[in-house]
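Enquirer: Structure file my_file.cif (mmCIF, C-alpha atoms) is given on the next line.
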data_data
#
loop_
_atom_site.label_atom_id
_atom_site.label_comp_id
_atom_site.auth_asym_id
_atom_site.auth_seq_id
_atom_site.Cartn_x
_atom_site.Cartn_y
_atom_site.Cartn_z
CA MET A 1 131.13 66.98 46.34
CA ALA A 2 133.59 67.71 43.57
CA HIS A 3 133.47 71.34 44.60
CA ARG A 4 134.54 70.48 48.09
CA ARG A 5 137.29 68.22 46.84
CA CYS A 6 138.61 71.00 44.63
CA LEU A 7 138.58 73.36 47.54
CA HIS A 8 140.25 70.75 49.65
CA SER A 9 143.07 70.29 47.17
CA ALA A 10 143.36 74.03 46.65
CA LEU A 11 143.62 74.49 50.36
CA LEU A 12 146.29 71.85 50.64
CA HIS A 13 148.34 73.66 48.05
CA GLY A 14 147.68 76.97 49.67
CA THR A 15 148.62 75.81 53.08
CA ALA A 16 151.80 74.29 51.75
CA LEU A 17 152.71 77.77 50.59
CA ILE A 18 151.66 79.26 53.86
CA SER A 19 153.66 76.88 55.93
CA LEU A 20 156.72 77.77 53.88
CA LYS A 21 156.22 81.50 53.98
CA LYS A 22 154.88 81.68 57.51
CA SER A 23 153.34 85.10 56.82
CA PRO A 24 150.40 84.61 54.51
CA PRO A 25 149.10 87.55 52.51
CA LEU A 26 145.57 88.40 53.48
CA SER A 27 144.11 87.48 50.08
CA ILE A 28 145.08 83.83 50.41
CA VAL A 29 143.87 83.74 53.95
CA ASN A 30 140.48 85.06 52.97
CA ALA A 31 140.20 82.53 50.18
CA LEU A 32 140.94 79.73 52.56
CA THR A 33 138.67 80.68 55.41
CA PRO A 34 135.61 78.73 54.24
CA LYS A 35 137.19 75.41 54.97
CA PRO A 36 139.35 74.53 57.90
CA ASN A 37 142.60 73.01 56.89
CA PRO A 38 143.16 69.50 58.10
CA VAL A 39 146.93 69.53 57.77
CA ILE A 40 147.79 72.78 59.47
CA THR A 41 148.26 72.92 63.17
CA THR A 42 147.82 76.07 65.18
CA SER A 43 151.52 76.59 65.70
CA ASN A 44 152.22 77.63 62.10
CA LEU A 45 149.84 80.54 61.75
CA GLU A 46 148.70 83.40 63.87
CA PRO A 47 146.46 82.11 66.61
CA SER A 48 144.00 85.01 66.32
CA TRP A 49 143.02 83.97 62.80
CA PHE A 50 142.70 80.34 63.69
CA THR A 51 140.85 80.46 66.99
CA PRO A 52 137.52 79.42 65.48
CA TRP A 53 139.14 76.38 63.99
CA SER A 54 141.38 75.54 66.92
CA TYR A 55 139.13 72.71 68.01
CA VAL A 56 139.36 71.12 64.58
CA ARG A 57 140.55 67.59 64.51
CA HIS A 58 142.00 65.67 61.61
CA PHE A 59 139.43 64.99 58.96
CA SER A 60 139.12 61.75 57.07
CA SER A 61 136.86 61.10 54.15
CA ARG A 62 134.11 59.60 56.30
CA LYS A 63 130.60 60.85 55.78
CA SER A 64 130.04 61.97 59.35
CA ASP A 65 133.02 64.25 59.18
CA ASP A 66 131.91 65.63 55.85
CA SER A 67 128.58 66.58 57.30
CA GLU A 68 130.28 68.36 60.17
CA ASN A 69 132.50 70.09 57.68
CA GLU A 70 129.44 71.21 55.83
CA ALA A 71 127.86 72.53 58.94
CA GLU A 72 130.87 74.63 59.77
CA MET A 73 131.22 75.75 56.17
CA GLU A 74 127.61 76.70 55.98
CA ASP A 75 127.71 78.78 59.10
CA SER A 76 130.21 81.18 57.65
CA SER A 77 129.31 81.16 53.99
CA ASP A 78 125.55 81.04 54.32
CA VAL A 79 125.33 84.36 56.01
CA GLU A 80 126.91 86.08 53.03
CA GLU A 81 125.06 84.07 50.41
CA GLU A 82 121.67 84.26 52.01
CA SER A 83 121.55 88.02 51.96
CA ASP A 84 122.19 88.01 48.21
CA GLU A 85 119.52 85.40 47.52
CA MET A 86 116.97 86.91 49.84
CA ALA A 87 117.20 90.23 48.06
CA SER A 88 116.23 88.70 44.75
CA ASP A 89 113.59 86.30 46.05
CA MET A 90 111.61 88.61 48.26
CA VAL A 91 108.79 90.68 46.84
CA ARG A 92 110.20 93.79 45.28
CA ASP A 93 108.50 97.09 44.85
CA TYR A 94 108.71 97.73 41.15
CA SER A 95 108.67 101.21 39.78
CA PRO A 96 106.08 101.75 37.04
CA GLY A 97 108.77 101.92 34.38
CA GLU A 98 110.32 98.70 35.61
CA LYS A 99 106.92 97.04 35.71
CA GLU A 100 106.24 97.83 32.10
CA ALA A 101 109.66 96.76 31.00
CA GLU A 102 109.41 93.46 32.81
CA ALA A 103 105.91 92.86 31.61
CA ALA A 104 106.91 93.58 28.06
CA ALA A 105 110.03 91.48 28.23
CA ILE A 106 108.81 88.45 30.10
CA GLY A 107 105.12 88.29 29.43
CA TYR A 108 104.83 90.14 26.16
CA LYS A 109 101.96 92.27 27.27
CA VAL A 110 101.22 95.89 27.78
CA VAL A 111 98.62 96.87 30.30
CA GLY A 112 96.10 99.29 28.96
CA PRO A 113 93.63 101.29 30.99
CA LEU A 114 90.84 99.74 32.99
CA GLN A 115 87.51 99.17 31.42
CA ARG A 116 84.79 101.69 31.80
CA SER A 117 81.67 100.88 29.81
CA ASP A 118 83.60 99.93 26.71
CA ARG A 119 81.82 97.70 24.29
CA VAL A 120 84.65 95.28 24.06
CA PHE A 121 82.87 91.95 23.95
CA LYS A 122 81.92 91.55 20.34
CA ASP A 123 80.49 88.65 18.43
CA TYR A 124 82.63 85.92 17.06
CA GLU A 125 84.69 86.76 14.01
CA PRO A 126 86.30 83.99 11.98
CA VAL A 127 89.80 85.27 12.56
CA PHE A 128 92.47 83.59 14.62
CA ALA A 129 95.91 84.47 15.90
CA VAL A 130 98.74 82.49 17.41
CA VAL A 131 99.98 84.48 20.35
CA GLN A 132 102.81 83.82 22.78
CA ILE A 133 102.74 84.81 26.45
CA GLY A 134 105.68 83.84 28.58
CA SER A 135 106.69 80.47 27.27
CA HIS A 136 103.26 79.28 26.17
CA GLN A 137 101.63 79.76 22.79
CA PHE A 138 97.92 79.75 22.13
CA LYS A 139 95.77 79.80 19.02
CA VAL A 140 93.12 82.32 19.91
CA SER A 141 90.07 83.80 18.36
CA ASN A 142 87.57 86.41 19.40
CA GLY A 143 85.73 85.50 22.58
CA ASP A 144 88.07 82.73 23.73
CA SER A 145 89.24 82.21 27.27
CA ILE A 146 92.80 81.33 28.13
CA PHE A 147 94.19 80.08 31.41
CA MET A 148 97.71 81.32 31.94
CA GLU A 149 100.35 81.44 34.58
CA ARG A 150 99.74 84.33 36.94
CA LEU A 151 100.48 87.63 35.24
CA LYS A 152 102.06 89.88 37.77
CA PHE A 153 101.34 93.43 36.86
CA CYS A 154 97.66 93.44 36.11
CA GLU A 155 94.47 93.46 38.10
CA VAL A 156 91.09 91.96 37.30
CA ASN A 157 89.17 93.90 34.64
CA ASP A 158 92.34 95.27 33.08
CA LYS A 159 92.80 95.53 29.37
CA LEU A 160 95.90 93.93 27.96
CA ILE A 161 97.56 94.11 24.61
CA LEU A 162 99.50 91.01 23.67
CA ASN A 163 102.07 92.04 21.18
CA LYS A 164 103.97 88.85 20.50
CA VAL A 165 101.85 87.50 17.65
CA LEU A 166 103.28 84.73 15.54
CA LEU A 167 100.55 84.07 13.02
CA LEU A 168 97.33 85.67 11.91
CA GLY A 169 94.71 83.91 9.89
CA SER A 170 91.38 84.67 8.35
CA PRO A 171 89.32 83.14 5.56
CA THR A 172 90.88 85.48 3.05
CA GLN A 173 94.38 86.08 4.29
CA THR A 174 97.15 84.49 6.30
CA ILE A 175 100.05 86.42 7.69
CA ILE A 176 103.01 84.48 9.03
CA GLY A 177 105.48 86.24 11.25
CA ARG A 178 109.21 85.72 11.29
CA PRO A 179 109.03 85.07 14.18
CA ILE A 180 106.84 87.94 15.34
CA LEU A 181 104.52 90.23 13.47
CA PRO A 182 105.41 93.76 14.49
CA ASP A 183 102.13 95.44 13.62
CA ALA A 184 99.75 92.89 14.97
CA ALA A 185 98.13 93.07 18.37
CA VAL A 186 95.66 91.00 20.30
CA HIS A 187 93.47 92.71 22.84
CA ALA A 188 92.44 90.83 25.93
CA VAL A 189 90.76 91.47 29.25
CA VAL A 190 91.79 89.93 32.53
CA GLU A 191 88.84 88.00 33.88
CA GLU A 192 90.15 86.22 36.90
CA HIS A 193 93.16 85.61 39.11
CA ALA A 194 92.55 82.34 40.85
CA LEU A 195 94.18 79.24 42.23
CA ASP A 196 94.01 75.92 40.48
CA ALA A 197 92.72 72.82 42.19
CA LYS A 198 95.06 71.25 44.71
CA VAL A 199 97.53 68.73 43.41
CA ILE A 200 99.02 66.39 45.96
CA ILE A 201 102.65 65.52 45.40
CA PHE A 202 103.29 62.22 47.03
CA LYS A 203 106.77 60.77 47.30
CA LYS A 204 107.48 57.32 48.56
CA LYS A 205 110.43 55.03 48.64
CA ARG A 206 109.28 51.56 49.42
CA ARG A 207 110.74 49.54 52.25
CA LYS A 208 112.77 52.62 53.29
CA ASN A 209 110.29 54.22 55.61
CA TYR A 210 110.15 57.37 53.46
CA ARG A 211 106.89 59.05 52.64
CA ARG A 212 106.22 62.70 51.92
CA THR A 213 103.05 64.51 51.01
CA LYS A 214 102.98 68.03 49.65
CA GLY A 215 100.05 70.06 48.36
CA HIS A 216 100.37 72.54 45.54
CA ARG A 217 97.98 75.06 44.06
CA GLN A 218 99.10 76.85 40.94
CA GLU A 219 98.18 80.50 40.51
CA LEU A 220 96.38 81.12 37.26
CA THR A 221 95.07 84.07 35.31
CA LYS A 222 92.11 83.83 32.98
CA LEU A 223 92.17 86.10 29.96
CA ARG A 224 89.33 86.70 27.57
CA ILE A 225 90.38 87.62 24.05
CA THR A 226 88.37 90.50 22.70
CA TYR A 227 89.92 91.73 19.49
CA ILE A 228 92.53 90.75 16.97
CA GLN A 229 94.03 93.49 14.86
CA GLY A 230 96.51 93.48 12.06
CA ILE A 231 94.68 91.42 9.48
CA GLU A 232 91.89 92.16 7.05
CA LYS A 233 88.71 90.58 8.22
CA PRO A 234 86.13 89.10 5.93
CA GLU A 235 83.10 91.27 5.49
CA ILE A 236 79.92 89.58 6.42
CA LYS A 237 76.72 90.37 4.55
CA THR A 238 78.36 91.49 1.33
CA ASP A 239 77.67 90.25 -2.19
CA GLY A 240 80.65 88.07 -2.73
CA LYS A 241 83.54 87.03 -0.61
CA PRO A 242 86.87 87.52 -2.39
CA LEU A 243 88.16 83.96 -2.68
CA LYS A 244 91.90 84.14 -2.70
CA ALA A 245 93.67 80.88 -1.98
CA ALA A 246 95.27 81.39 1.39
CA ASP A 247 98.54 79.65 2.27
CA LYS A 248 97.37 77.83 5.28
CA LYS A 249 94.14 76.42 3.97
CA PRO A 250 94.50 72.85 2.75
CA GLU A 251 94.86 72.73 -0.99
CA LYS A 252 91.88 70.45 -1.40
CA ILE A 253 89.48 73.10 -0.22
CA ALA A 254 91.25 75.76 -2.25
CA ALA A 255 91.04 73.58 -5.32
CA ILE A 256 87.37 72.97 -4.73
CA ALA A 257 86.84 76.64 -4.21
CA GLN A 258 88.44 77.47 -7.49
CA GLU A 259 86.56 74.76 -9.30
CA ARG A 260 83.17 75.40 -7.92
CA PHE A 261 83.06 79.12 -7.64
CA SER A 262 83.38 81.22 -10.71
CA PRO A 263 84.58 84.78 -10.29
CA HIS A 264 81.18 86.24 -10.81
CA GLY A 265 79.18 83.66 -9.65
CA PHE A 266 78.95 82.33 -6.30
CA VAL A 267 77.22 84.51 -3.84
CA LEU A 268 77.60 83.47 -0.28
CA GLN A 269 74.36 84.48 1.19
CA ASN A 270 74.22 84.63 4.86
CA ASN A 271 71.09 82.99 6.11
CA GLY A 272 72.28 83.59 9.58
CA CYS A 273 73.02 79.95 10.20
CA LEU A 274 76.50 79.80 8.84
CA CYS A 275 78.34 82.69 10.38
CA MET B 1 86.79 88.43 39.01
CA ALA B 2 84.78 89.84 36.25
CA LEU B 3 82.91 87.82 33.71
CA ARG B 4 82.59 90.01 30.64
CA GLY B 5 83.09 93.08 32.74
CA VAL B 6 80.64 92.13 35.48
CA TRP B 7 82.00 91.59 38.96
CA GLN B 8 81.10 88.20 40.32
CA LEU B 9 81.58 88.61 44.06
CA LYS B 10 78.47 90.29 45.41
CA LYS B 11 78.88 90.18 49.14
CA LEU B 12 81.66 89.60 51.60
CA ILE B 13 80.89 88.82 55.24
CA VAL B 14 83.73 89.37 57.67
CA SER B 15 82.95 87.38 60.81
CA TYR B 16 84.99 87.89 63.92
CA CYS B 17 84.95 87.49 67.66
CA ASP B 18 85.74 90.35 69.99
CA TRP B 19 87.10 88.14 72.77
CA GLY B 20 89.04 85.31 71.17
CA GLY B 21 92.77 85.37 70.47
CA SER B 22 92.39 83.81 67.04
CA SER B 23 90.50 86.94 65.98
CA ARG B 24 93.31 89.29 66.82
CA GLY B 25 94.51 89.45 63.25
CA ILE B 26 91.10 90.07 61.84
CA ARG B 27 90.35 92.75 64.36
CA ALA B 28 93.55 94.53 63.35
CA PHE B 29 92.58 94.01 59.71
CA MET B 30 89.21 95.59 60.31
CA GLU B 31 90.82 98.67 61.77
CA SER B 32 93.70 99.06 59.37
CA GLU B 33 92.92 97.62 55.96
CA LEU B 34 89.22 97.01 55.64
CA PRO B 35 88.31 100.66 54.88
CA THR B 36 90.76 100.85 51.98
CA PHE B 37 89.51 97.49 50.71
CA LYS B 38 85.96 98.80 50.79
CA GLU B 39 86.94 101.93 48.88
CA LYS B 40 88.80 100.01 46.22
CA ASN B 41 85.78 97.80 45.60
CA PRO B 42 82.67 99.96 45.60
CA GLN B 43 80.70 97.27 43.79
CA LEU B 44 81.20 94.90 46.69
CA GLU B 45 78.97 94.82 49.75
CA VAL B 46 81.18 94.22 52.79
CA VAL B 47 79.46 93.35 56.06
CA THR B 48 81.06 92.74 59.42
CA GLU B 49 79.44 90.25 61.72
CA LEU B 50 80.16 89.44 65.32
CA ILE B 51 80.19 85.79 66.26
CA ARG B 52 81.26 85.29 69.81
CA GLY B 53 83.22 82.25 70.85
CA GLN B 54 84.00 81.10 67.34
CA HIS B 55 86.94 81.39 65.00
CA PRO B 56 86.88 84.18 62.45
CA HIS B 57 86.19 83.61 58.80
CA LEU B 58 85.49 85.36 55.51
CA LYS B 59 82.41 84.38 53.54
CA GLY B 60 82.05 85.32 49.90
CA PHE B 61 78.78 85.17 47.98
CA TYR B 62 79.00 84.98 44.21
CA LYS B 63 76.56 85.71 41.46
CA ASN B 64 76.18 82.06 40.55
CA LYS B 65 74.87 81.48 44.10
CA ASN B 66 78.13 79.92 45.15
CA GLU B 67 79.51 80.47 48.62
CA ARG B 68 83.17 80.35 49.56
CA VAL B 69 84.29 80.30 53.17
CA VAL B 70 87.85 80.93 54.25
CA CYS B 71 88.87 80.49 57.88
CA VAL B 72 91.26 83.23 58.92
CA LYS B 73 92.07 82.23 62.46
CA ASN B 74 95.47 83.27 63.76
CA MET B 75 96.35 85.13 60.60
CA THR B 76 98.09 88.45 60.19
CA PRO B 77 96.13 91.36 58.68
CA GLU B 78 98.24 91.17 55.52
CA ASP B 79 97.33 87.51 55.04
CA ILE B 80 93.67 88.28 55.58
CA LEU B 81 93.87 91.02 52.97
CA LEU B 82 95.46 88.56 50.58
CA TYR B 83 92.66 86.05 51.08
CA GLY B 84 90.05 88.76 50.72
CA THR B 85 91.63 89.90 47.47
CA ARG B 86 91.71 86.31 46.26
CA LEU B 87 88.02 85.94 46.93
CA ARG B 88 87.36 89.11 45.04
CA ASN B 89 89.57 88.07 42.14
CA ALA B 90 87.99 84.68 41.65
CA LEU B 91 84.88 83.67 39.78
CA GLY B 92 82.38 81.68 41.75
CA ARG B 93 83.07 78.53 39.81
CA LYS B 94 83.84 75.25 41.47
CA VAL B 95 87.56 74.67 41.78
CA VAL B 96 88.30 71.66 39.66
CA LYS B 97 91.29 70.52 37.73
CA LEU B 98 91.40 72.20 34.34
CA LYS B 99 90.64 70.06 31.33
CA THR B 100 92.13 72.50 28.86
CA ARG B 101 93.82 75.81 29.14
CA HIS B 102 92.03 77.18 26.11
CA VAL B 103 88.27 77.41 26.35
CA THR B 104 86.56 78.27 23.12
CA LYS B 105 83.22 77.84 21.44
CA HIS B 106 84.72 77.95 17.96
CA PRO B 107 87.74 75.67 17.92
CA SER B 108 88.32 75.90 14.20
CA VAL B 109 88.02 78.70 11.72
CA GLN B 110 88.17 76.17 8.91
CA VAL B 111 85.00 74.45 10.05
CA MET B 112 83.13 77.55 9.02
CA MET B 113 84.63 77.43 5.56
CA ALA B 114 83.96 73.71 5.25
CA THR B 115 80.33 74.11 6.24
CA LEU B 116 79.97 76.91 3.77
CA LEU B 117 81.39 74.71 1.05
CA LYS B 118 79.21 71.78 2.03
CA HIS B 119 76.10 73.84 1.84
CA SER B 120 77.18 75.20 -1.48
CA LEU B 121 77.89 71.71 -2.84
CA PHE B 122 74.43 70.50 -2.00
CA GLY B 123 72.54 73.67 -2.72
CA GLY B 124 74.46 75.21 -5.54
CA GLU B 125 74.57 72.35 -7.99
#
I'd like the structure from this file rewritten - as structure tokens, please.
Expert:
Amino acid sequence: MAHRRCLHSALLHGTALISLKKSPPLSIVNALTPKPNPVITTSNLEPSWFTPWSYVRHFSSRKSDDSENEAEMEDSSDVEEESDEMASDMVRDYSPGEKEAEAAAIGYKVVGPLQRSDRVFKDYEPVFAVVQIGSHQFKVSNGDSIFMERLKFCEVNDKLILNKVLLLGSPTQTIIGRPILPDAAVHAVVEEHALDAKVIIFKKKRRKNYRRTKGHRQELTKLRITYIQGIEKPEIKTDGKPLKAADKKPEKIAAIAQERFSPHGFVLQNNGCLC
Amino acid sequence: MALRGVWQLKKLIVSYCDWGGSSRGIRAFMESELPTFKEKNPQLEVVTELIRGQHPHLKGFYKNKNERVVCVKNMTPEDILLYGTRLRNALGRKVVKLKTRHVTKHPSVQVMMATLLKHSLFGGE
């Protein structure tokens, strides 16, 4: 509304100039075309320019007139604007270079080759990473599944490398990125592209006879995390685990660890039940 | 859809009618896009079935014995391809609202350490 009022006032000023000069430069005329001028009558300006608006009557500030104004405004301006918007909204054919750039920039992922009999699904390792995709961050470990917004440039059974890693942790080491760790990478496989369950968006204004129902199904992608690289992993089935106090671990446990376990001494034997 | 590398959609039945107008799209789809779809998915068994006098639909059979039916009456071939791809991309699971976005069997790495310590406290003293 303020926009229209500004235009209105601008037009008034403009037309004052025009009425004085009686031969408007084309630039002013073009700027003024979106809105018909209420003050001007056809006699002042060239009739050819004003024929579309010749049936215009004097406008007041009533709502009905505003809506008519809008309609006329929209007819002319929409045609130009729509073409610009449509170009960006419609599905574009991306070139492969563009695809990778967009994927890397927006989703922080790089699509690797498809899987062919790779042994990617390993057992659980006690290592975690905090990874960011798009605007969401997840704390992931080996073998986890993540439901994400639909990732555009990958098919099912594609390997991905998520390179925006914010934190890596393991029983022996913690690496904190500022804000990203450049050498770390998390490997994942696309499991599924599916639609979420339907959510019904119901709008109602009581006593106003207004009720709207809209259904929405969000498109999701399910990723399975396969491998985290960039951190030293604890070796299972060795004689002693090196017990360095890691930053992230609570100090209580670290203190206990230092108290209870002497450097030589404590051998963490894997009976198979713990790890 | 591929659970740990294994495709979940086993069979796709494309049912159509050769007389009805609602099957026009699917008949065009069968001529134009079904062969490429079959080639792209060699693991999938695609069967066409004639059902006269009924609306066309796509039936997908998944490995977990789940069946998903999509009615494709009065659709364009591109839309039918989209639905077919969606069926292929999905797991056979029931579509319910997600409880969490992060599904894991090992929510905490520290639990492992704590259990190790606990065992050591009881056993090592």
Enquirer: If the PyMOL selection byres ((chain A) within 8 of (chain B)) were run on this exact file, what residues would it hold? Put them as a CSV table (one decimal) with C-alpha atoms, keeping the file's coordinate frame.
Expert:
chain,number,residue,atom,x,y,z
A,115,GLN,CA,87.5,99.2,31.4
A,121,PHE,CA,82.9,92.0,24.0
A,126,PRO,CA,86.3,84.0,12.0
A,127,VAL,CA,89.8,85.3,12.6
A,128,PHE,CA,92.5,83.6,14.6
A,138,PHE,CA,97.9,79.8,22.1
A,141,SER,CA,90.1,83.8,18.4
A,143,GLY,CA,85.7,85.5,22.6
A,144,ASP,CA,88.1,82.7,23.7
A,145,SER,CA,89.2,82.2,27.3
A,146,ILE,CA,92.8,81.3,28.1
A,147,PHE,CA,94.2,80.1,31.4
A,148,MET,CA,97.7,81.3,31.9
A,156,VAL,CA,91.1,92.0,37.3
A,157,ASN,CA,89.2,93.9,34.6
A,170,SER,CA,91.4,84.7,8.4
A,171,PRO,CA,89.3,83.1,5.6
A,190,VAL,CA,91.8,89.9,32.5
A,191,GLU,CA,88.8,88.0,33.9
A,192,GLU,CA,90.2,86.2,36.9
A,193,HIS,CA,93.2,85.6,39.1
A,194,ALA,CA,92.6,82.3,40.8
A,196,ASP,CA,94.0,75.9,40.5
A,197,ALA,CA,92.7,72.8,42.2
A,198,LYS,CA,95.1,71.2,44.7
A,249,LYS,CA,94.1,76.4,4.0
A,253,ILE,CA,89.5,73.1,-0.2
A,257,ALA,CA,86.8,76.6,-4.2
A,274,LEU,CA,76.5,79.8,8.8
A,275,CYS,CA,78.3,82.7,10.4
Enquirer: Care to translate the PyMOL selection byres ((chain A and resi 179) around 10) into actual residues of this file, as a list in words?
Expert: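 That expression, the PyMOL selection byres ((chain A and resi 179) around 10), corresponds here to Lys164, Val165, Leu166, Leu167, Ile176, Gly177, Arg178, Ile180, Leu181 and Pro182 of chain A.
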Enquirer: Deliver the residues from the most recent selection as a file, using C-alpha atoms, as a PDB file, in the frame of the given file.
Expert:
ATOM      1  CA  LYS A 164     103.970  88.850  20.500  1.00  0.00           C
ATOM      2  CA  VAL A 165     101.850  87.500  17.650  1.00  0.00           C
ATOM      3  CA  LEU A 166     103.280  84.730  15.540  1.00  0.00           C
ATOM      4  CA  LEU A 167     100.550  84.070  13.020  1.00  0.00           C
ATOM      5  CA  ILE A 176     103.010  84.480   9.030  1.00  0.00           C
ATOM      6  CA  GLY A 177     105.480  86.240  11.250  1.00  0.00           C
ATOM      7  CA  ARG A 178     109.210  85.720  11.290  1.00  0.00           C
ATOM      8  CA  ILE A 180     106.840  87.940  15.340  1.00  0.00           C
ATOM      9  CA  LEU A 181     104.520  90.230  13.470  1.00  0.00           C
ATOM     10  CA  PRO A 182     105.410  93.760  14.490  1.00  0.00           C
TER      11      PRO A 182
END
Enquirer: Please determine the residues with any atom at most 12 Å from (92.0, 93.4, 54.7) (coordinates as given in the file, with all atoms listed in the file counting) and report them as an MDAnalysis selection string.
Expert: chainID B and resid 12 14 25:41 46 48 58 72 75:88
Enquirer: Please indicate the distance in Å from CA of Gly20 (chain B) to CA of Arg68 (chain B), rounded to one decimal place.
Expert: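 Rounded to one decimal, the two atoms are 22.9 Å apart.
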Enquirer: Of the candidates B:Asn74, B:Arg24, B:Cys17, B:Glu45, which one gets nearest to Gly60 (chain B) if we count all atoms listed in the file?
Expert: B:Glu45
Enquirer: So what do you get for CA of Lys59 (chain B) versus CA of Cys71 (chain B), distance-wise?
Expert: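 Calculated distance between CA of Lys59 (chain B) and CA of Cys71 (chain B) is 8.7 Å.
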Enquirer: Near Leu50 (chain B), counting only C-alpha atoms, which residues have an atom at most 8 Å away, once you skip same-chain residues fewer than 4 positions from it, shown as JSON, numbers by chain?
Expert: {"B": [15, 16, 17, 18]}
Enquirer: Box for region 123-142 of chain A - axis-aligned, 3 Å on each of the six sides, all listed atoms - centre and size in Å to one decimal, as AutoDock Vina command-line options.
Expert:
--center_x 93.6 --center_y 84.0 --center_z 20.3 --size_x 32.2 --size_y 15.4 --size_z 22.6
Enquirer: Work out how far CA of Glu149 (chain A) is from CA of His136 (chain A), in Å to one decimal.
Expert: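 Computing it gives 9.2 Å between the two atoms.
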Enquirer: Kindly resolve the PyMOL selection byres ((chain B and resi 92) around 6) on the present coordinates and return the residues as a list in words.
Expert: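 In the shown coordinates, the PyMOL selection byres ((chain B and resi 92) around 6) covers Tyr62, Asn66, Leu91 and Arg93 of chain B.
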